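Novice: For reference, the file data-v5.txt (compact mmCIF, C-alpha atoms) is included below:
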# COMPACT_ATOMS: atom_id res chain seq x y z
CA MET T 325 83.60 90.74 102.50
CA LYS T 326 85.95 89.45 105.17
CA GLY T 327 84.69 85.94 104.56
CA LEU T 328 85.04 86.41 100.81
CA LEU T 329 88.62 87.58 101.19
CA LYS T 330 89.50 84.56 103.29
CA LYS T 331 88.01 82.29 100.63
CA GLY T 332 90.14 83.99 98.02
CA GLY T 333 88.14 86.00 95.55
CA ALA T 334 87.89 89.62 94.75
CA TRP T 335 88.77 93.01 93.36
CA ILE T 336 87.34 93.48 94.23
CA ALA T 337 88.35 96.01 91.87
CA VAL T 338 87.50 97.14 89.45
CA ALA T 339 90.26 97.80 89.83
CA ILE T 340 88.82 97.30 88.00
CA LEU T 341 91.87 97.74 90.98
CA SER T 342 91.93 101.47 89.72
CA PRO T 343 89.32 104.03 88.51
CA ALA T 344 88.92 104.93 84.84
CA VAL T 345 90.08 108.53 84.27
CA LEU T 346 88.82 109.39 80.81
CA MET T 347 88.99 112.55 78.74
CA ALA T 348 85.70 113.48 77.13
CA GLN T 349 85.46 112.17 73.58
CA ASP T 350 82.93 112.65 70.81
CA LYS T 351 82.82 109.08 69.57
CA VAL T 352 82.21 105.70 71.14
CA GLU T 353 85.43 103.96 72.10
CA ALA T 354 85.67 100.30 73.10
CA SER T 355 88.49 98.08 74.32
CA VAL T 356 89.01 94.45 75.26
CA GLY T 357 91.97 92.76 76.90
CA ALA T 358 93.23 90.32 79.49
CA ASP T 359 96.03 90.00 82.03
CA LEU T 360 97.83 86.80 82.93
CA MET T 361 98.89 87.18 86.59
CA SER T 362 101.26 85.10 88.70
CA GLY T 363 99.28 86.11 91.80
CA TYR T 364 96.17 88.12 92.64
CA ILE T 365 97.04 90.83 95.20
CA TRP T 366 94.45 93.56 95.72
CA ARG T 367 94.99 96.50 98.06
CA GLY T 368 97.51 94.44 99.99
CA GLN T 369 95.18 91.44 100.30
CA ASP T 370 96.22 88.02 98.96
CA LEU T 371 93.25 86.84 96.89
CA GLY T 372 94.66 83.96 94.91
CA ASN T 373 97.41 82.46 92.78
CA VAL T 374 97.84 82.32 88.98
CA SER T 375 94.79 83.75 87.21
CA ILE T 376 93.42 85.16 83.97
CA GLN T 377 91.78 88.58 84.34
CA PRO T 378 89.75 89.66 81.29
CA SER T 379 88.37 93.16 80.78
CA LEU T 380 85.93 94.90 78.45
CA SER T 381 84.96 98.57 78.36
CA ILE T 382 83.01 101.09 76.32
CA ALA T 383 83.20 104.87 76.69
CA TYR T 384 81.47 107.95 75.32
CA LYS T 385 81.95 111.62 76.22
CA GLY T 386 83.68 110.82 79.50
CA PHE T 387 81.19 108.14 80.59
CA SER T 388 82.37 104.55 80.73
CA LEU T 389 80.99 101.11 81.45
CA SER T 390 83.54 98.41 82.23
CA ALA T 391 83.47 94.71 83.00
CA TRP T 392 86.34 92.91 84.70
CA GLY T 393 86.81 89.38 85.95
CA SER T 394 89.25 86.95 87.48
CA VAL T 395 89.41 83.17 87.27
CA GLY T 396 92.14 80.88 88.55
CA PHE T 397 93.51 77.72 87.00
CA GLU T 398 92.17 75.47 89.76
CA LYS T 399 88.54 74.34 89.69
CA SER T 400 88.14 75.37 93.33
CA ASP T 401 89.34 78.96 92.71
CA THR T 402 86.83 81.71 93.36
CA LYS T 403 85.56 83.46 90.23
CA GLU T 404 84.96 87.20 90.24
CA PHE T 405 82.84 89.43 88.00
CA ASP T 406 82.86 93.23 88.45
CA LEU T 407 80.94 96.00 86.69
CA THR T 408 81.95 99.65 86.91
CA LEU T 409 80.05 102.75 85.73
CA GLY T 410 82.27 105.81 85.70
CA TYR T 411 82.73 109.37 84.53
CA GLY T 412 85.96 111.26 84.00
CA ILE T 413 86.91 114.70 82.76
CA GLY T 414 90.40 116.09 82.92
CA GLY T 415 92.00 114.60 86.01
CA PHE T 416 88.70 114.15 87.88
CA SER T 417 86.97 110.76 88.07
CA VAL T 418 83.98 109.26 89.87
CA SER T 419 82.62 105.72 89.64
CA VAL T 420 80.42 103.03 91.17
CA THR T 421 81.54 99.38 91.11
CA ASP T 422 79.56 96.20 91.74
CA TYR T 423 81.85 93.32 92.83
CA TRP T 424 80.48 89.77 92.77
CA PHE T 425 82.00 86.37 93.66
CA ASN T 426 80.68 82.89 92.96
CA ASN T 427 81.39 81.29 96.35
CA GLY T 428 78.05 82.14 97.94
CA PRO T 429 74.54 83.32 96.93
CA ALA T 430 73.83 83.40 93.18
CA TYR T 431 74.36 86.53 91.10
CA PHE T 432 70.80 87.90 91.30
CA HIS T 433 70.56 87.43 95.06
CA TYR T 434 70.61 90.86 96.70
CA GLY T 435 69.57 90.08 100.29
CA ALA T 436 70.32 92.89 102.75
CA HIS T 437 72.43 90.60 104.93
CA ASP T 438 73.04 87.72 102.54
CA THR T 439 74.67 88.63 99.23
CA ASN T 440 77.99 88.15 97.45
CA HIS T 441 77.80 91.64 95.97
CA THR T 442 79.73 94.62 97.29
CA PHE T 443 78.91 98.08 95.94
CA GLU T 444 81.67 100.68 96.13
CA ALA T 445 81.79 104.39 95.26
CA GLN T 446 85.00 106.08 94.13
CA VAL T 447 86.09 109.69 93.68
CA GLY T 448 89.53 110.85 92.73
CA TYR T 449 91.80 113.30 90.98
CA ASP T 450 94.91 112.69 88.92
CA PHE T 451 97.33 115.63 89.15
CA GLY T 452 99.75 114.00 86.73
CA VAL T 453 102.60 113.59 89.20
CA LEU T 454 100.22 112.17 91.84
CA ALA T 455 96.79 110.50 91.74
CA VAL T 456 94.54 110.46 94.83
CA ASN T 457 91.50 108.16 95.07
CA TRP T 458 88.96 107.48 97.82
CA TYR T 459 86.78 104.34 97.87
CA THR T 460 83.81 103.55 100.17
CA ASN T 461 81.53 100.50 100.34
CA PHE T 462 77.95 101.76 100.49
CA ALA T 463 75.77 98.65 99.95
CA GLY T 464 75.93 94.89 100.07
CA ASN T 465 78.89 93.74 102.16
CA VAL T 466 79.93 97.12 103.58
CA GLY T 467 82.19 95.88 106.39
CA TYR T 468 81.52 95.99 110.13
CA ASN T 469 83.27 97.27 113.25
CA SER T 470 83.92 95.40 116.48
CA ASP T 471 80.47 96.40 117.82
CA GLY T 472 78.78 94.76 114.84
CA ASP T 473 77.71 98.10 113.33
CA ARG T 474 78.08 98.91 109.64
CA ALA T 475 81.52 100.45 109.11
CA TYR T 476 81.15 101.38 105.41
CA ALA T 477 84.72 100.22 104.85
CA SER T 478 86.81 102.80 103.02
CA TYR T 479 90.19 102.95 101.37
CA ILE T 480 92.43 105.81 100.24
CA ALA T 481 95.15 105.29 97.64
CA LEU T 482 98.00 107.51 96.44
CA SER T 483 99.96 106.64 93.31
CA ALA T 484 102.81 108.39 91.55
CA PRO T 485 104.12 107.42 88.06
CA PHE T 486 107.70 108.05 86.95
CA ARG T 487 110.22 106.82 84.42
CA LEU T 488 113.59 105.36 85.36
CA GLY T 489 116.14 103.21 83.55
CA GLY T 490 114.00 102.91 80.42
CA LEU T 491 111.01 101.51 82.33
CA ASP T 492 107.66 102.99 83.39
CA TRP T 493 107.26 102.85 87.18
CA GLU T 494 104.44 103.50 89.64
CA ALA T 495 104.72 103.85 93.40
CA THR T 496 101.55 103.21 95.44
CA VAL T 497 100.52 103.68 99.07
CA GLY T 498 97.07 102.65 100.33
CA ALA T 499 95.39 102.74 103.75
CA THR T 500 92.08 102.11 105.52
CA PRO T 501 91.07 105.22 107.52
CA TRP T 502 88.97 103.59 110.24
CA GLU T 503 88.05 100.30 111.92
CA ASN T 504 86.37 97.66 109.75
CA ASP T 505 86.54 93.92 109.11
CA PHE T 506 86.68 94.26 105.30
CA TYR T 507 90.44 94.79 105.08
CA ASN T 508 93.48 93.30 106.81
CA GLY T 509 91.61 90.69 108.81
CA GLY T 510 89.78 93.31 110.87
CA LYS T 511 92.69 95.39 112.15
CA ASN T 512 91.38 98.27 114.25
CA GLY T 513 91.56 101.95 113.32
CA PHE T 514 93.79 103.48 110.67
CA ALA T 515 96.01 100.91 108.94
CA VAL T 516 98.42 101.07 105.99
CA SER T 517 97.42 98.17 103.73
CA GLU T 518 99.75 98.55 100.77
CA VAL T 519 103.16 99.96 99.92
CA GLY T 520 104.05 98.94 96.38
CA ILE T 521 106.31 99.60 93.44
CA LYS T 522 105.50 98.45 89.89
CA ALA T 523 107.67 98.43 86.75
CA THR T 524 106.33 97.98 83.21
CA LYS T 525 108.14 97.36 79.94
CA GLU T 526 106.76 97.17 76.41
CA LEU T 527 108.14 94.13 74.57
CA LYS T 528 108.12 94.63 70.79
CA ILE T 529 106.63 91.55 69.15
CA THR T 530 106.06 92.98 65.65
CA ASP T 531 106.20 96.45 64.11
CA SER T 532 102.56 96.98 65.08
CA TRP T 533 102.24 94.97 68.29
CA THR T 534 103.88 95.32 71.69
CA LEU T 535 103.30 93.18 74.75
CA PRO T 536 103.34 94.95 78.14
CA VAL T 537 105.19 92.96 80.82
CA PHE T 538 105.19 94.09 84.44
CA ALA T 539 106.47 93.10 87.86
CA GLN T 540 105.31 94.42 91.22
CA ALA T 541 106.60 94.26 94.78
CA ILE T 542 103.94 94.80 97.46
CA TRP T 543 104.15 95.04 101.24
CA ASN T 544 101.22 95.16 103.69
CA PRO T 545 102.44 96.66 106.99
CA ALA T 546 99.10 95.92 108.71
CA THR T 547 99.34 92.15 108.15
CA GLU T 548 103.14 91.98 107.74
CA GLY T 549 102.60 90.43 104.30
CA ALA T 550 105.01 90.71 101.36
CA TYR T 551 104.36 89.72 97.74
CA PHE T 552 106.15 89.76 94.39
CA VAL T 553 104.00 89.24 91.30
CA ALA T 554 104.42 89.48 87.54
CA GLY T 555 102.03 89.66 84.62
CA LEU T 556 101.42 90.02 80.90
CA SER T 557 98.79 92.26 79.32
CA PHE T 558 97.16 91.22 76.03
Starting from the coordinates I provided, produce the structure as structure tokens.
Specialist:
Amino acid sequence: MKGLLKKGGAWIAVAILSPAVLMAQDKVEASVGADLMSGYIWRGQDLGNVSIQPSLSIAYKGFSLSAWGSVGFEKSDTKEFDLTLGYGIGGFSVSVTDYWFNNGPAYFHYGAHDTNHTFEAQVGYDFGVLAVNWYTNFAGNVGYNSDGDRAYASYIALSAPFRLGGLDWEATVGATPWENDFYNGGKNGFAVSEVGIKATKELKITDSWTLPVFAQAIWNPATEGAYFVAGLSF
């Protein structure tokens, strides 16, 4: 994935960049939307400039299947397509995500050492005042250490929501627990990849429609990067 990050794609996730934490429901629920982003920053990694990021999901009794993508405004921008299968009940969530990028082997190419897919497992718990999530690459581009061995690159994220000054805020800290070349250009050992703060406001367009607007400041201590991005959710 290191090469993919340098070429400017990814998610690589799905996020969907965050797991779906769903309460069990008795009926099928579906949603569709899109974000317009001034920059694509994922887990402290700079993955591109202005982009449209569509999403589609369906859920039933705590199970969910989601699709997420990203495409820039330049023809040369890397396109991303992610699929996530998840389950959530109460504050607990678990999911598997398949990230794919178009700047290499075609979509249905799953070579052991030659694929643009990365498969990631997630487990987490949302305590309300704090959410904790662990992510590990288990297949495809899993990340490697300095000896060339599979590192199964992992990431831990802590996020805390709060309300201040009439806005909804979220503070985030993320880190890689061990050596791998998937994050931060291959920094060795434990490394803090993201320290961020995000503010969201609902703009009232009509009596029945509001438009979420958000801004986010992000720092990556491992790479000494700093970013400020904004977006609209439709």
Novice: For Val352 of chain T, find every residue with an atom within 9 Å (counting all atoms listed in the file), except residues of its own chain fewer than 5 positions away, and show them as an MDAnalysis selection string.
Specialist: chainID T and resid 382:385
Novice: What does the distance between atom CA of Val420 of chain T and atom CA of Phe462 of chain T come to in Å, to one decimal place?
Specialist: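 These atoms are spaced 9.7 Å apart.
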Novice: Could you jot down the atom CA of Ser390 of chain T to atom CA of Asp450 of chain T separation for me, Å, one decimal place?
Specialist: 19.4 Å
Novice: Counting all atoms listed in the file, which residues of segment 354-391 of chain T fall within 8 Å of segment 514-537 of chain T, and what is the closest atom pair for each with its distance in Å at one decimal, ordered by chain and rising number, as CSV?
Specialist:
residue,atom,partner,partner_atom,distance
T:Arg367,CA,T:Glu518,CA,5.8
T:Gly368,CA,T:Glu518,CA,4.7
T:Gln369,CA,T:Ser517,CA,7.9
Novice: Please produce a file of those selected residues containing C-alpha atoms, as a PDB file, in the frame of the given file.
Specialist:
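Ended up saving to part-v9.pdb:
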ATOM      1  CA  ARG T 367      94.990  96.500  98.060  1.00  0.00           C
ATOM      2  CA  GLY T 368      97.510  94.440  99.990  1.00  0.00           C
ATOM      3  CA  GLN T 369      95.180  91.440 100.300  1.00  0.00           C
TER       4      GLN T 369
END
Novice: Could you tell me how far atom CA of Ser478 of chain T lies from atom CA of Asn427 of chain T, in Å and to one decimal?
Specialist: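 So the two atoms, atom CA of Ser478 of chain T and atom CA of Asn427 of chain T, lie 23.2 Å apart.
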Novice: Taking the structure I provided as the source, export segment 420-433 of chain T with all heavy atoms, as a compact mmCIF listing (two decimals), in the first residue's frame.
Specialist:
# COMPACT_ATOMS: atom_id res chain seq x y z
N VAL T 420 -15.22 -5.93 7.99
CA VAL T 420 -14.15 -6.27 7.05
C VAL T 420 -14.32 -5.35 5.85
O VAL T 420 -15.42 -5.23 5.30
CB VAL T 420 -14.22 -7.74 6.61
CG1 VAL T 420 -13.19 -8.01 5.52
CG2 VAL T 420 -13.99 -8.66 7.80
N THR T 421 -13.22 -4.70 5.44
CA THR T 421 -13.26 -3.77 4.31
C THR T 421 -12.29 -4.21 3.23
O THR T 421 -11.17 -4.64 3.52
CB THR T 421 -12.88 -2.34 4.77
OG1 THR T 421 -13.86 -1.87 5.70
CG2 THR T 421 -12.83 -1.39 3.58
N ASP T 422 -12.76 -4.11 1.98
CA ASP T 422 -11.93 -4.35 0.80
C ASP T 422 -11.70 -2.99 0.13
O ASP T 422 -12.64 -2.38 -0.37
CB ASP T 422 -12.65 -5.30 -0.15
CG ASP T 422 -11.99 -5.40 -1.52
OD1 ASP T 422 -10.81 -4.99 -1.65
OD2 ASP T 422 -12.65 -5.89 -2.46
N TYR T 423 -10.44 -2.50 0.16
CA TYR T 423 -10.07 -1.26 -0.52
C TYR T 423 -9.47 -1.59 -1.89
O TYR T 423 -8.64 -2.49 -1.99
CB TYR T 423 -9.01 -0.51 0.28
CG TYR T 423 -9.38 -0.19 1.70
CD1 TYR T 423 -8.90 -0.96 2.76
CD2 TYR T 423 -10.18 0.89 2.01
CE1 TYR T 423 -9.21 -0.65 4.06
CE2 TYR T 423 -10.50 1.20 3.31
CZ TYR T 423 -10.02 0.42 4.34
OH TYR T 423 -10.34 0.72 5.63
N TRP T 424 -9.88 -0.84 -2.90
CA TRP T 424 -9.29 -1.03 -4.23
C TRP T 424 -9.03 0.31 -4.90
O TRP T 424 -9.80 1.26 -4.74
CB TRP T 424 -10.22 -1.85 -5.13
CG TRP T 424 -9.67 -2.04 -6.52
CD1 TRP T 424 -8.69 -2.90 -6.91
CD2 TRP T 424 -10.05 -1.32 -7.70
NE1 TRP T 424 -8.43 -2.78 -8.24
CE2 TRP T 424 -9.25 -1.80 -8.77
CE3 TRP T 424 -10.97 -0.31 -7.96
CZ2 TRP T 424 -9.36 -1.32 -10.06
CZ3 TRP T 424 -11.09 0.17 -9.25
CH2 TRP T 424 -10.28 -0.33 -10.29
N PHE T 425 -7.91 0.38 -5.67
CA PHE T 425 -7.52 1.59 -6.38
C PHE T 425 -7.24 1.25 -7.84
O PHE T 425 -6.83 0.14 -8.15
CB PHE T 425 -6.26 2.18 -5.74
CG PHE T 425 -6.37 2.24 -4.24
CD1 PHE T 425 -5.94 1.17 -3.47
CD2 PHE T 425 -6.94 3.32 -3.62
CE1 PHE T 425 -6.07 1.19 -2.09
CE2 PHE T 425 -7.08 3.35 -2.25
CZ PHE T 425 -6.65 2.28 -1.47
N ASN T 426 -7.44 2.21 -8.72
CA ASN T 426 -7.38 1.92 -10.15
C ASN T 426 -6.01 2.14 -10.76
O ASN T 426 -5.86 2.06 -11.97
CB ASN T 426 -8.40 2.79 -10.90
CG ASN T 426 -7.96 4.24 -11.00
OD1 ASN T 426 -7.30 4.76 -10.09
ND2 ASN T 426 -8.30 4.91 -12.09
N ASN T 427 -4.99 2.42 -9.97
CA ASN T 427 -3.67 2.73 -10.54
C ASN T 427 -2.74 1.53 -10.57
O ASN T 427 -1.54 1.65 -10.36
CB ASN T 427 -3.01 3.87 -9.75
CG ASN T 427 -2.90 3.57 -8.27
OD1 ASN T 427 -3.36 2.52 -7.81
ND2 ASN T 427 -2.32 4.47 -7.51
N GLY T 428 -3.29 0.35 -10.83
CA GLY T 428 -2.48 -0.85 -10.89
C GLY T 428 -3.28 -1.98 -11.52
O GLY T 428 -4.06 -1.73 -12.45
N PRO T 429 -3.13 -3.22 -11.03
CA PRO T 429 -3.88 -4.35 -11.58
C PRO T 429 -5.39 -4.10 -11.54
O PRO T 429 -5.90 -3.39 -10.66
CB PRO T 429 -3.49 -5.51 -10.65
CG PRO T 429 -2.14 -5.12 -10.14
CD PRO T 429 -2.18 -3.63 -9.98
N ALA T 430 -6.12 -4.69 -12.49
CA ALA T 430 -7.56 -4.49 -12.60
C ALA T 430 -8.29 -5.05 -11.37
O ALA T 430 -7.72 -5.78 -10.55
CB ALA T 430 -8.08 -5.15 -13.87
N TYR T 431 -9.57 -4.71 -11.28
CA TYR T 431 -10.34 -5.00 -10.06
C TYR T 431 -10.34 -6.48 -9.69
O TYR T 431 -10.18 -6.84 -8.53
CB TYR T 431 -11.78 -4.52 -10.23
CG TYR T 431 -12.58 -4.61 -8.95
CD1 TYR T 431 -12.58 -3.57 -8.02
CD2 TYR T 431 -13.34 -5.76 -8.65
CE1 TYR T 431 -13.29 -3.66 -6.85
CE2 TYR T 431 -14.05 -5.85 -7.48
CZ TYR T 431 -14.03 -4.80 -6.58
OH TYR T 431 -14.74 -4.89 -5.40
N PHE T 432 -10.51 -7.36 -10.66
CA PHE T 432 -10.63 -8.79 -10.35
C PHE T 432 -9.29 -9.51 -10.32
O PHE T 432 -9.23 -10.74 -10.39
CB PHE T 432 -11.59 -9.46 -11.34
CG PHE T 432 -13.01 -8.99 -11.18
CD1 PHE T 432 -13.56 -8.10 -12.09
CD2 PHE T 432 -13.78 -9.42 -10.11
CE1 PHE T 432 -14.86 -7.65 -11.95
CE2 PHE T 432 -15.09 -8.97 -9.95
CZ PHE T 432 -15.63 -8.08 -10.87
N HIS T 433 -8.21 -8.75 -10.19
CA HIS T 433 -6.88 -9.35 -10.08
C HIS T 433 -6.52 -9.46 -8.60
O HIS T 433 -6.35 -8.46 -7.92
CB HIS T 433 -5.85 -8.50 -10.80
CG HIS T 433 -4.50 -9.15 -10.88
ND1 HIS T 433 -4.13 -10.01 -11.90
CD2 HIS T 433 -3.43 -9.08 -10.05
CE1 HIS T 433 -2.90 -10.43 -11.70
NE2 HIS T 433 -2.45 -9.88 -10.58
